[in-house]
Number of protein chains: 2
Amino acid sequence: MIDELNSKVIELIKTVNERTLSRMKEPFNVATKTNYNDLVTSVDKENEQYIDDHLRQLDPGCRILSEEGFGTKDISDLRGHLWIVDPIDGTLNFVKQHDHFGIMLALYVDGQPTLGYIMDCTNRRLYHGGPGRGVYVNGQKITAPENLGLRAGLVAISSPLILENVHHLPAVAQAASGLRMYGSAAMEMTGILTGELVGYVSYLRPWDLAAGRVMAEELGLVVKSIDGSKPDVLSSNLVLVATRQVSQDVQKITG
Amino acid sequence: MIDELNSKVIELIKTVNERTLSRMKEPFNVATKTNYNDLVTSVDKENEQYIDDHLRQLDPGCRILSEEGFGTKDISDLRGHLWIVDPIDGTLNFVKQHDHFGIMLALYVDGQPTLGYIMDCTNRRLYHGGPGRGVYVNGQKITAPENLGLRAGLVAISSPLILENVHHLPAVAQAASGLRMYGSAAMEMTGILTGELVGYVSYLRPWDLAAGRVMAEELGLVVKSIDGSKPDVLSSNLVLVATRQVSQDVQKITG
């Protein structure tokens, strides 16, 4: 049942990606949400509606938590099949760069991370996996990243956390081999899954974290709130995703 | 003469890129230079020797300024044909990510920017051009980026400048639509050429700047030291590459 659903969702996300890449070449509408660089486009909305409609057909009775309002209203518990959907992650990059954005889906069953999908759209690179299943890039199994420490690797930390000196994160960046900022949780999460980054810290909403979390945990990486607690699936969290060693190194700095 | 040289150098940089991508799959030697994240690999050295040897054959009598010591010794003036070579730009990314690095070449004739080449290695995307020639990506002409202001676009600023609050650059980042860090001048320069970024600030050595400068100036972008002076071709400079509007916006903040 889950295997069949998995195959169908892989086809769904590939289809949505091809639609997205075609739509990107035409004019699309851009609107601001909370501030001038919190954007939503007509493509975000079209994607979400398309994904949510298809998930309802593929997985009848499921509930859907999604960014732009086409999902299930007022979700306050984790029972049953819950899909968490980010129709375009990195909308600012999508609008300004036509590159460096992703589509993310995750299935949680009775609160348990079950399936995760991240599409690196312009590279047509699909990451998917889940507990006991392994993690794959376009069908090729990924080996778990080496357990490197902070000094041996590159970290991504989102810019507000650095510019506003939250939780001594500039000191974390200083202690790493280098600091990177890609501007899309999808891009940074895939960097963590492949070992291109050893740590990632950002303030993430449920749809920014859900898919990456499923796959990162399957690869033995640490996913936790910066205060050490387990991130809540339905809330926004200041999250660290990292190797076990980096998780310890960061804790020494952030306290 | 310059046209024929240009065609041959395009073939040279493509050849070097294929060698680089093959060599990346095998083990290579990594050594540190000034500190633990200033790296040089055997691939940097092999590339430089290969490029310098071929440039000497293609352009007899030229002088070569290159990073790892295979070039002409003690260059102190700009007369004649001067090639400036970065055999791998973003060595830390090359080592840690196997992605997000470049190869850069530039020809200056009697001090005049004449030809520039940046290879985005893993994407096999070659940017090249020069004054009056236009700028091309894999043979496709680029249109000059729109003259956007700081608030309308994404900027790249290298991490030490942000973490050490140099010249109020964190305030520049705050005033932009978003901050990005890719960790390779080649990647950030190509972002500027295509308009994916509206500004880039970094402390750049001659081989980090030379190629991008040729192409950025051809596209009507501003290339200047942060103090407003013209960057010296043979020295390291704290450089801004940006749209004209962003250049003015940044100057209001950095003073």
# chains A, B, ... in the order shown; residues from 1 in each chain; ligands from 1

$ closest_atom_pairs --of "chain B" --to "chain A" --cutoff "10 Å" --atoms "only C-alpha atoms" --output "tab-separated table"
residue	atom	partner	partner_atom	distance
B:Tyr36	CA	A:Ser177	CA	7.8
B:Asn37	CA	A:Ser177	CA	5.8
B:Asp38	CA	A:Ser177	CA	9.4
B:Leu92	CA	A:Gly178	CA	8.2
B:Asn93	CA	A:Glu196	CA	8.2
B:Phe94	CA	A:Glu196	CA	9.9
B:Val95	CA	A:Glu196	CA	9.5
B:Lys96	CA	A:Glu196	CA	6.0
B:Gln97	CA	A:Glu196	CA	4.4
B:His98	CA	A:Glu196	CA	7.8
B:Asp99	CA	A:Glu196	CA	8.4
B:Asn123	CA	A:Asn123	CA	9.4
B:Arg151	CA	A:Tyr36	CA	8.7
B:Ala152	CA	A:Asn37	CA	8.7
B:Gly153	CA	A:Lys96	CA	6.9
B:Leu154	CA	A:Lys96	CA	7.5
B:Ala156	CA	A:Met181	CA	9.0
B:Ser158	CA	A:Leu179	CA	8.7
B:Ser159	CA	A:Leu179	CA	6.3
B:Pro160	CA	A:Gln174	CA	8.4
B:Ile162	CA	A:Leu163	CA	7.8
B:Leu163	CA	A:Pro170	CA	6.4
B:Glu164	CA	A:Pro170	CA	9.5
B:Asn165	CA	A:Leu163	CA	9.6
B:Pro170	CA	A:Leu163	CA	6.4
B:Ala171	CA	A:Leu163	CA	8.5
B:Ala173	CA	A:Leu163	CA	8.3
B:Gln174	CA	A:Leu163	CA	7.6
B:Ala176	CA	A:Asn37	CA	9.2
B:Ser177	CA	A:Asn37	CA	5.8
B:Gly178	CA	A:Asn37	CA	7.7
B:Leu179	CA	A:Ser159	CA	6.3
B:Arg180	CA	A:Met181	CA	4.9
B:Met181	CA	A:Met181	CA	4.7
B:Tyr182	CA	A:Arg180	CA	5.7
B:Gly183	CA	A:Arg180	CA	6.6
B:Gly191	CA	A:Gln97	CA	8.4
B:Thr194	CA	A:Gln97	CA	8.6
B:Gly195	CA	A:Gln97	CA	7.4
B:Glu196	CA	A:Gln97	CA	4.4
B:Leu197	CA	A:Gln97	CA	7.6
B:Val198	CA	A:Lys96	CA	9.6

$ write_last_selection --atoms "N, CA and C atoms" --output "tab-separated table (two decimals), in the first residue's frame"
chain	number	residue	atom	x	y	z
B	36	TYR	N	43.68	26.35	7.64
B	36	TYR	CA	43.06	25.04	7.42
B	36	TYR	C	41.94	25.05	6.38
B	37	ASN	N	41.40	26.23	6.05
B	37	ASN	CA	40.44	26.19	4.95
B	37	ASN	C	40.91	26.96	3.70
B	38	ASP	N	42.19	27.17	3.60
B	38	ASP	CA	42.79	27.67	2.36
B	38	ASP	C	43.50	26.47	1.74
B	92	LEU	N	37.64	24.92	-1.86
B	92	LEU	CA	36.96	24.33	-0.70
B	92	LEU	C	35.67	23.61	-1.15
B	93	ASN	N	34.91	24.23	-2.03
B	93	ASN	CA	33.71	23.56	-2.59
B	93	ASN	C	34.11	22.33	-3.40
B	94	PHE	N	35.16	22.46	-4.19
B	94	PHE	CA	35.64	21.32	-5.00
B	94	PHE	C	35.93	20.13	-4.09
B	95	VAL	N	36.61	20.39	-2.97
B	95	VAL	CA	37.01	19.31	-2.06
B	95	VAL	C	35.81	18.78	-1.26
B	96	LYS	N	35.01	19.69	-0.71
B	96	LYS	CA	33.96	19.28	0.23
B	96	LYS	C	32.64	18.95	-0.46
B	97	GLN	N	32.42	19.49	-1.67
B	97	GLN	CA	31.11	19.35	-2.30
B	97	GLN	C	31.17	18.66	-3.66
B	98	HIS	N	32.35	18.62	-4.27
B	98	HIS	CA	32.43	18.14	-5.65
B	98	HIS	C	31.43	18.90	-6.53
B	99	ASP	N	31.21	20.16	-6.23
B	99	ASP	CA	30.25	20.98	-6.96
B	99	ASP	C	30.53	22.46	-6.62
B	123	ASN	N	28.16	22.04	-14.15
B	123	ASN	CA	27.08	22.29	-15.10
B	123	ASN	C	27.56	22.40	-16.54
B	151	ARG	N	17.09	46.77	-3.07
B	151	ARG	CA	15.91	46.18	-2.45
B	151	ARG	C	15.21	45.18	-3.37
B	152	ALA	N	15.45	45.32	-4.68
B	152	ALA	CA	14.77	44.47	-5.66
B	152	ALA	C	15.52	43.19	-5.98
B	153	GLY	N	16.70	43.01	-5.40
B	153	GLY	CA	17.47	41.85	-5.83
B	153	GLY	C	18.26	41.17	-4.71
B	154	LEU	N	18.87	40.08	-5.08
B	154	LEU	CA	19.68	39.28	-4.16
B	154	LEU	C	21.14	39.68	-4.29
B	156	ALA	N	25.28	38.77	-3.08
B	156	ALA	CA	26.24	37.83	-2.48
B	156	ALA	C	27.34	38.65	-1.82
B	158	SER	N	30.80	37.85	0.73
B	158	SER	CA	31.51	36.70	1.27
B	158	SER	C	31.48	36.73	2.80
B	159	SER	N	31.52	35.55	3.40
B	159	SER	CA	31.19	35.43	4.82
B	159	SER	C	32.09	36.23	5.75
B	160	PRO	N	33.42	36.31	5.53
B	160	PRO	CA	34.22	37.08	6.49
B	160	PRO	C	33.78	38.55	6.57
B	162	ILE	N	30.80	39.71	6.30
B	162	ILE	CA	29.59	39.78	7.11
B	162	ILE	C	29.93	39.49	8.58
B	163	LEU	N	30.68	38.43	8.81
B	163	LEU	CA	30.94	37.99	10.19
B	163	LEU	C	31.83	39.00	10.93
B	164	GLU	N	32.67	39.73	10.19
B	164	GLU	CA	33.54	40.71	10.84
B	164	GLU	C	33.05	42.14	10.62
B	165	ASN	N	31.82	42.29	10.12
B	165	ASN	CA	31.19	43.61	9.93
B	165	ASN	C	32.11	44.62	9.25
B	170	PRO	N	27.01	44.13	6.56
B	170	PRO	CA	25.76	43.52	7.04
B	170	PRO	C	24.54	44.41	6.78
B	171	ALA	N	24.72	45.72	6.87
B	171	ALA	CA	23.61	46.64	6.58
B	171	ALA	C	23.23	46.60	5.10
B	173	ALA	N	23.48	43.91	3.27
B	173	ALA	CA	22.72	42.66	3.16
B	173	ALA	C	21.28	42.85	3.66
B	174	GLN	N	21.14	43.57	4.77
B	174	GLN	CA	19.79	43.81	5.33
B	174	GLN	C	18.92	44.60	4.36
B	176	ALA	N	19.05	44.52	1.11
B	176	ALA	CA	18.75	43.78	-0.12
B	176	ALA	C	17.54	42.87	0.10
B	177	SER	N	17.08	42.32	-0.99
B	177	SER	CA	15.96	41.38	-0.92
B	177	SER	C	16.40	40.08	-0.25
B	178	GLY	N	17.67	39.76	-0.36
B	178	GLY	CA	18.18	38.54	0.28
B	178	GLY	C	19.68	38.44	0.12
B	179	LEU	N	20.29	37.64	1.01
B	179	LEU	CA	21.75	37.45	1.01
B	179	LEU	C	22.06	36.02	0.62
B	180	ARG	N	23.02	35.85	-0.28
B	180	ARG	CA	23.44	34.51	-0.70
B	180	ARG	C	24.95	34.39	-0.54
B	181	MET	N	25.43	33.17	-0.29
B	181	MET	CA	26.87	32.88	-0.22
B	181	MET	C	27.12	31.54	-0.88
B	182	TYR	N	27.84	31.54	-2.00
B	182	TYR	CA	28.10	30.30	-2.73
B	182	TYR	C	29.53	29.79	-2.51
B	183	GLY	N	30.42	30.68	-2.06
B	183	GLY	CA	31.77	30.22	-1.71
B	183	GLY	C	32.72	30.08	-2.88
B	191	GLY	N	26.47	34.51	-11.44
B	191	GLY	CA	25.18	34.99	-10.92
B	191	GLY	C	24.94	36.45	-11.26
B	194	THR	N	24.25	36.95	-15.19
B	194	THR	CA	22.91	36.55	-15.63
B	194	THR	C	21.80	37.36	-14.96
B	195	GLY	N	22.15	38.18	-13.95
B	195	GLY	CA	21.12	38.93	-13.23
B	195	GLY	C	20.50	38.15	-12.07
B	196	GLU	N	20.98	36.94	-11.79
B	196	GLU	CA	20.46	36.20	-10.64
B	196	GLU	C	20.84	36.90	-9.33
B	197	LEU	N	21.95	37.64	-9.37
B	197	LEU	CA	22.37	38.49	-8.26
B	197	LEU	C	22.47	39.91	-8.80
B	198	VAL	N	22.17	40.91	-7.96
B	198	VAL	CA	22.32	42.31	-8.40
B	198	VAL	C	23.60	42.93	-7.88

$ residues_around --residues "His128 in chain B" --least-positions-apart "5" --cutoff "6 Å" --atoms "only C-alpha atoms" --output "ChimeraX atom specification"
/B:116-117,135-136

$ write_last_selection --atoms "C-alpha atoms" --output "tab-separated table (two decimals), in the first residue's frame"
chain	number	residue	atom	x	y	z
B	116	GLY	CA	37.19	36.62	-20.14
B	117	TYR	CA	36.15	32.99	-19.52
B	135	VAL	CA	28.93	37.85	-23.39
B	136	TYR	CA	27.86	34.29	-24.14

$ residues_around --residues "range 74-85 of chain B" --least-positions-apart "2" --cutoff "8 Å" --atoms "only C-alpha atoms" --output "list in words"
Glu48, Gly61, Cys62, Arg63, Ile64, Leu65, Ser66, Glu67, Thr72, Pro87, Met104, Leu105, Ala106, Leu107, Tyr108, Val109, Asp110, Gly111, Pro206, Trp207, Ala210, Ala211 and Leu234 of chain B

$ write_last_selection --atoms "N, CA and C atoms" --output "PDB file, in the first residue's frame"
ATOM      1  N   GLU B  48      46.617  24.052 -13.577  1.00  0.00           N
ATOM      2  CA  GLU B  48      47.377  25.272 -13.853  1.00  0.00           C
ATOM      3  C   GLU B  48      48.537  24.991 -14.804  1.00  0.00           C
ATOM      4  N   GLY B  61      55.039  34.344 -26.329  1.00  0.00           N
ATOM      5  CA  GLY B  61      55.473  35.644 -25.813  1.00  0.00           C
ATOM      6  C   GLY B  61      54.574  36.222 -24.740  1.00  0.00           C
ATOM      7  N   CYS B  62      53.440  35.578 -24.502  1.00  0.00           N
ATOM      8  CA  CYS B  62      52.542  36.089 -23.448  1.00  0.00           C
ATOM      9  C   CYS B  62      53.181  35.884 -22.082  1.00  0.00           C
ATOM     10  N   ARG B  63      52.679  36.628 -21.086  1.00  0.00           N
ATOM     11  CA  ARG B  63      53.051  36.354 -19.694  1.00  0.00           C
ATOM     12  C   ARG B  63      51.808  35.839 -18.968  1.00  0.00           C
ATOM     13  N   ILE B  64      52.018  35.103 -17.901  1.00  0.00           N
ATOM     14  CA  ILE B  64      50.898  34.439 -17.218  1.00  0.00           C
ATOM     15  C   ILE B  64      50.979  34.678 -15.724  1.00  0.00           C
ATOM     16  N   LEU B  65      49.884  35.239 -15.187  1.00  0.00           N
ATOM     17  CA  LEU B  65      49.757  35.418 -13.736  1.00  0.00           C
ATOM     18  C   LEU B  65      48.813  34.334 -13.243  1.00  0.00           C
ATOM     19  N   SER B  66      49.341  33.366 -12.487  1.00  0.00           N
ATOM     20  CA  SER B  66      48.464  32.286 -12.047  1.00  0.00           C
ATOM     21  C   SER B  66      48.756  31.926 -10.603  1.00  0.00           C
ATOM     22  N   GLU B  67      47.771  31.255  -9.985  1.00  0.00           N
ATOM     23  CA  GLU B  67      47.731  31.153  -8.525  1.00  0.00           C
ATOM     24  C   GLU B  67      48.824  30.268  -7.930  1.00  0.00           C
ATOM     25  N   THR B  72      54.455  33.199 -14.960  1.00  0.00           N
ATOM     26  CA  THR B  72      55.634  34.045 -15.099  1.00  0.00           C
ATOM     27  C   THR B  72      55.988  34.617 -13.723  1.00  0.00           C
ATOM     28  N   PRO B  87      43.029  28.133 -11.836  1.00  0.00           N
ATOM     29  CA  PRO B  87      42.864  26.757 -12.331  1.00  0.00           C
ATOM     30  C   PRO B  87      41.691  26.034 -11.673  1.00  0.00           C
ATOM     31  N   MET B 104      38.737  29.862 -14.331  1.00  0.00           N
ATOM     32  CA  MET B 104      38.628  31.212 -14.889  1.00  0.00           C
ATOM     33  C   MET B 104      39.921  31.615 -15.587  1.00  0.00           C
ATOM     34  N   LEU B 105      39.755  32.195 -16.769  1.00  0.00           N
ATOM     35  CA  LEU B 105      40.892  32.728 -17.533  1.00  0.00           C
ATOM     36  C   LEU B 105      40.528  34.123 -18.028  1.00  0.00           C
ATOM     37  N   ALA B 106      41.538  34.990 -18.130  1.00  0.00           N
ATOM     38  CA  ALA B 106      41.306  36.308 -18.728  1.00  0.00           C
ATOM     39  C   ALA B 106      42.557  36.758 -19.456  1.00  0.00           C
ATOM     40  N   LEU B 107      42.348  37.488 -20.535  1.00  0.00           N
ATOM     41  CA  LEU B 107      43.455  38.118 -21.262  1.00  0.00           C
ATOM     42  C   LEU B 107      43.344  39.632 -21.142  1.00  0.00           C
ATOM     43  N   TYR B 108      44.409  40.249 -20.659  1.00  0.00           N
ATOM     44  CA  TYR B 108      44.536  41.699 -20.646  1.00  0.00           C
ATOM     45  C   TYR B 108      45.648  42.058 -21.634  1.00  0.00           C
ATOM     46  N   VAL B 109      45.364  43.014 -22.516  1.00  0.00           N
ATOM     47  CA  VAL B 109      46.371  43.430 -23.502  1.00  0.00           C
ATOM     48  C   VAL B 109      46.784  44.873 -23.189  1.00  0.00           C
ATOM     49  N   ASP B 110      48.043  45.066 -22.856  1.00  0.00           N
ATOM     50  CA  ASP B 110      48.537  46.379 -22.421  1.00  0.00           C
ATOM     51  C   ASP B 110      47.613  46.982 -21.367  1.00  0.00           C
ATOM     52  N   GLY B 111      47.153  46.131 -20.452  1.00  0.00           N
ATOM     53  CA  GLY B 111      46.313  46.600 -19.343  1.00  0.00           C
ATOM     54  C   GLY B 111      44.832  46.670 -19.653  1.00  0.00           C
ATOM     55  N   PRO B 206      43.828  38.765  -7.864  1.00  0.00           N
ATOM     56  CA  PRO B 206      43.772  39.071  -9.309  1.00  0.00           C
ATOM     57  C   PRO B 206      43.023  38.002 -10.110  1.00  0.00           C
ATOM     58  N   TRP B 207      43.315  36.709  -9.841  1.00  0.00           N
ATOM     59  CA  TRP B 207      42.689  35.618 -10.614  1.00  0.00           C
ATOM     60  C   TRP B 207      41.230  35.366 -10.249  1.00  0.00           C
ATOM     61  N   ALA B 210      39.682  38.856 -12.527  1.00  0.00           N
ATOM     62  CA  ALA B 210      40.023  39.272 -13.892  1.00  0.00           C
ATOM     63  C   ALA B 210      38.972  38.876 -14.935  1.00  0.00           C
ATOM     64  N   ALA B 211      38.555  37.616 -14.928  1.00  0.00           N
ATOM     65  CA  ALA B 211      37.635  37.126 -15.972  1.00  0.00           C
ATOM     66  C   ALA B 211      36.247  37.751 -15.826  1.00  0.00           C
ATOM     67  N   LEU B 234      46.764  43.776 -10.738  1.00  0.00           N
ATOM     68  CA  LEU B 234      47.796  42.893 -10.183  1.00  0.00           C
ATOM     69  C   LEU B 234      47.711  42.714  -8.663  1.00  0.00           C
TER      70      LEU B 234
END

$ residues_around --residues "range 224-226 of chain B" --least-positions-apart "5" --cutoff "6 Å" --atoms "only C-alpha atoms" --output "mmCIF file with C-alpha atoms, in the first residue's frame"
data_model
loop_
_atom_site.group_PDB
_atom_site.id
_atom_site.type_symbol
_atom_site.label_atom_id
_atom_site.label_comp_id
_atom_site.auth_asym_id
_atom_site.auth_seq_id
_atom_site.Cartn_x
_atom_site.Cartn_y
_atom_site.Cartn_z
ATOM 1 C CA PRO B 231 40.630 47.854 -8.824
ATOM 2 C CA LEU B 238 37.805 44.543 -1.826
ATOM 3 C CA VAL B 239 35.545 44.693 -4.852
ATOM 4 C CA LEU B 240 31.912 45.456 -5.631
#

$ select_by_dssp --residues "range 13-109 of chain B" --states "strand (DSSP E or B)" --output "list in words"
Val30, Ala31, Thr32, Leu39, Val40, Thr41, Arg63, Ile64, Leu65, Ser66, His81, Leu82, Trp83, Ile84, Val85, Asp86, Pro87, Ile88, Asp89, Gly102, Ile103, Met104, Leu105, Ala106, Leu107, Tyr108 and Val109 of chain B

$ write_last_selection --atoms "C-alpha atoms" --output "JSON list (two decimals), in the first residue's frame"
[["chain", "number", "residue", "atom", "x", "y", "z"],
["B", 30, "VAL", "CA", 44.72, 18.04, -0.65],
["B", 31, "ALA", "CA", 47.15, 20.36, 1.14],
["B", 32, "THR", "CA", 46.56, 23.46, 3.23],
["B", 39, "LEU", "CA", 43.29, 24.53, 0.31],
["B", 40, "VAL", "CA", 45.18, 23.49, -2.76],
["B", 41, "THR", "CA", 44.76, 20.11, -4.45],
["B", 63, "ARG", "CA", 53.05, 36.35, -19.69],
["B", 64, "ILE", "CA", 50.90, 34.44, -17.22],
["B", 65, "LEU", "CA", 49.76, 35.42, -13.74],
["B", 66, "SER", "CA", 48.46, 32.29, -12.05],
["B", 81, "HIS", "CA", 49.56, 39.98, -23.47],
["B", 82, "LEU", "CA", 48.93, 39.06, -19.85],
["B", 83, "TRP", "CA", 46.86, 35.96, -19.08],
["B", 84, "ILE", "CA", 45.38, 35.68, -15.59],
["B", 85, "VAL", "CA", 44.50, 32.11, -14.60],
["B", 86, "ASP", "CA", 42.50, 30.53, -11.79],
["B", 87, "PRO", "CA", 42.86, 26.76, -12.33],
["B", 88, "ILE", "CA", 40.14, 25.93, -9.76],
["B", 89, "ASP", "CA", 38.16, 28.69, -8.11],
["B", 102, "GLY", "CA", 34.89, 27.09, -11.60],
["B", 103, "ILE", "CA", 37.87, 27.61, -13.88],
["B", 104, "MET", "CA", 38.63, 31.21, -14.89],
["B", 105, "LEU", "CA", 40.89, 32.73, -17.53],
["B", 106, "ALA", "CA", 41.31, 36.31, -18.73],
["B", 107, "LEU", "CA", 43.45, 38.12, -21.26],
["B", 108, "TYR", "CA", 44.54, 41.70, -20.65],
["B", 109, "VAL", "CA", 46.37, 43.43, -23.50]]

$ select_by_dssp --residues "range 215-253 of chain A" --states "helix (DSSP H, G or I)" --output "list in words"
Met215, Ala216, Glu217, Glu218, Arg244, Gln245, Val246, Ser247, Gln248, Asp249, Val250, Gln251, Lys252 and Ile253 of chain A

$ write_last_selection --atoms "C-alpha atoms" --output "CSV table (one decimal), in the first residue's frame"
chain,number,residue,atom,x,y,z
A,215,MET,CA,15.3,11.5,4.9
A,216,ALA,CA,17.9,13.1,7.2
A,217,GLU,CA,16.8,10.8,10.1
A,218,GLU,CA,17.0,7.8,7.8
A,244,ARG,CA,26.1,13.8,15.1
A,245,GLN,CA,29.5,15.4,15.6
A,246,VAL,CA,28.4,18.8,14.3
A,247,SER,CA,25.4,18.6,16.6
A,248,GLN,CA,27.7,18.3,19.6
A,249,ASP,CA,30.1,20.9,18.3
A,250,VAL,CA,27.2,23.4,17.8
A,251,GLN,CA,25.8,22.7,21.3
A,252,LYS,CA,29.1,23.7,22.9
A,253,ILE,CA,28.8,27.1,21.2

$ decode --residues "range 156-180 of chain B" --atoms "N, CA and C atoms" --output "PDB file, in the first residue's frame"
ATOM      1  N   ALA B 156      25.285  38.766  -3.081  1.00  0.00           N
ATOM      2  CA  ALA B 156      26.237  37.832  -2.478  1.00  0.00           C
ATOM      3  C   ALA B 156      27.345  38.650  -1.822  1.00  0.00           C
ATOM      4  N   ILE B 157      27.632  38.339  -0.585  1.00  0.00           N
ATOM      5  CA  ILE B 157      28.725  38.990   0.145  1.00  0.00           C
ATOM      6  C   ILE B 157      29.479  37.870   0.843  1.00  0.00           C
ATOM      7  N   SER B 158      30.796  37.855   0.727  1.00  0.00           N
ATOM      8  CA  SER B 158      31.514  36.703   1.273  1.00  0.00           C
ATOM      9  C   SER B 158      31.479  36.727   2.802  1.00  0.00           C
ATOM     10  N   SER B 159      31.517  35.545   3.399  1.00  0.00           N
ATOM     11  CA  SER B 159      31.186  35.434   4.818  1.00  0.00           C
ATOM     12  C   SER B 159      32.094  36.229   5.751  1.00  0.00           C
ATOM     13  N   PRO B 160      33.423  36.307   5.529  1.00  0.00           N
ATOM     14  CA  PRO B 160      34.223  37.078   6.489  1.00  0.00           C
ATOM     15  C   PRO B 160      33.777  38.545   6.574  1.00  0.00           C
ATOM     16  N   LEU B 161      33.338  39.110   5.445  1.00  0.00           N
ATOM     17  CA  LEU B 161      32.921  40.516   5.429  1.00  0.00           C
ATOM     18  C   LEU B 161      31.661  40.720   6.262  1.00  0.00           C
ATOM     19  N   ILE B 162      30.801  39.706   6.296  1.00  0.00           N
ATOM     20  CA  ILE B 162      29.585  39.778   7.112  1.00  0.00           C
ATOM     21  C   ILE B 162      29.928  39.489   8.578  1.00  0.00           C
ATOM     22  N   LEU B 163      30.680  38.426   8.807  1.00  0.00           N
ATOM     23  CA  LEU B 163      30.944  37.993  10.189  1.00  0.00           C
ATOM     24  C   LEU B 163      31.825  38.997  10.929  1.00  0.00           C
ATOM     25  N   GLU B 164      32.668  39.728  10.189  1.00  0.00           N
ATOM     26  CA  GLU B 164      33.542  40.711  10.839  1.00  0.00           C
ATOM     27  C   GLU B 164      33.052  42.144  10.622  1.00  0.00           C
ATOM     28  N   ASN B 165      31.824  42.293  10.117  1.00  0.00           N
ATOM     29  CA  ASN B 165      31.185  43.606   9.926  1.00  0.00           C
ATOM     30  C   ASN B 165      32.111  44.620   9.252  1.00  0.00           C
ATOM     31  N   VAL B 166      32.625  44.263   8.106  1.00  0.00           N
ATOM     32  CA  VAL B 166      33.524  45.135   7.352  1.00  0.00           C
ATOM     33  C   VAL B 166      32.692  46.156   6.554  1.00  0.00           C
ATOM     34  N   HIS B 167      33.046  47.436   6.625  1.00  0.00           N
ATOM     35  CA  HIS B 167      32.420  48.494   5.800  1.00  0.00           C
ATOM     36  C   HIS B 167      30.889  48.477   5.836  1.00  0.00           C
ATOM     37  N   HIS B 168      30.297  48.159   6.973  1.00  0.00           N
ATOM     38  CA  HIS B 168      28.832  48.120   7.109  1.00  0.00           C
ATOM     39  C   HIS B 168      28.158  47.172   6.117  1.00  0.00           C
ATOM     40  N   LEU B 169      28.866  46.133   5.702  1.00  0.00           N
ATOM     41  CA  LEU B 169      28.269  45.231   4.706  1.00  0.00           C
ATOM     42  C   LEU B 169      27.083  44.425   5.240  1.00  0.00           C
ATOM     43  N   PRO B 170      27.005  44.127   6.560  1.00  0.00           N
ATOM     44  CA  PRO B 170      25.762  43.517   7.042  1.00  0.00           C
ATOM     45  C   PRO B 170      24.544  44.415   6.777  1.00  0.00           C
ATOM     46  N   ALA B 171      24.721  45.720   6.867  1.00  0.00           N
ATOM     47  CA  ALA B 171      23.607  46.637   6.577  1.00  0.00           C
ATOM     48  C   ALA B 171      23.233  46.598   5.099  1.00  0.00           C
ATOM     49  N   VAL B 172      24.233  46.410   4.239  1.00  0.00           N
ATOM     50  CA  VAL B 172      23.939  46.243   2.802  1.00  0.00           C
ATOM     51  C   VAL B 172      23.089  44.990   2.600  1.00  0.00           C
ATOM     52  N   ALA B 173      23.476  43.910   3.274  1.00  0.00           N
ATOM     53  CA  ALA B 173      22.717  42.659   3.161  1.00  0.00           C
ATOM     54  C   ALA B 173      21.279  42.852   3.657  1.00  0.00           C
ATOM     55  N   GLN B 174      21.139  43.568   4.770  1.00  0.00           N
ATOM     56  CA  GLN B 174      19.794  43.807   5.330  1.00  0.00           C
ATOM     57  C   GLN B 174      18.921  44.598   4.364  1.00  0.00           C
ATOM     58  N   ALA B 175      19.547  45.500   3.592  1.00  0.00           N
ATOM     59  CA  ALA B 175      18.785  46.357   2.686  1.00  0.00           C
ATOM     60  C   ALA B 175      18.406  45.648   1.388  1.00  0.00           C
ATOM     61  N   ALA B 176      19.049  44.518   1.114  1.00  0.00           N
ATOM     62  CA  ALA B 176      18.753  43.779  -0.115  1.00  0.00           C
ATOM     63  C   ALA B 176      17.542  42.875   0.096  1.00  0.00           C
ATOM     64  N   SER B 177      17.075  42.320  -0.995  1.00  0.00           N
ATOM     65  CA  SER B 177      15.962  41.380  -0.923  1.00  0.00           C
ATOM     66  C   SER B 177      16.396  40.078  -0.247  1.00  0.00           C
ATOM     67  N   GLY B 178      17.665  39.756  -0.364  1.00  0.00           N
ATOM     68  CA  GLY B 178      18.177  38.544   0.283  1.00  0.00           C
ATOM     69  C   GLY B 178      19.675  38.438   0.122  1.00  0.00           C
ATOM     70  N   LEU B 179      20.291  37.645   1.005  1.00  0.00           N
ATOM     71  CA  LEU B 179      21.747  37.453   1.007  1.00  0.00           C
ATOM     72  C   LEU B 179      22.063  36.015   0.621  1.00  0.00           C
ATOM     73  N   ARG B 180      23.017  35.849  -0.278  1.00  0.00           N
ATOM     74  CA  ARG B 180      23.440  34.512  -0.700  1.00  0.00           C
ATOM     75  C   ARG B 180      24.949  34.391  -0.542  1.00  0.00           C
TER      76      ARG B 180
END
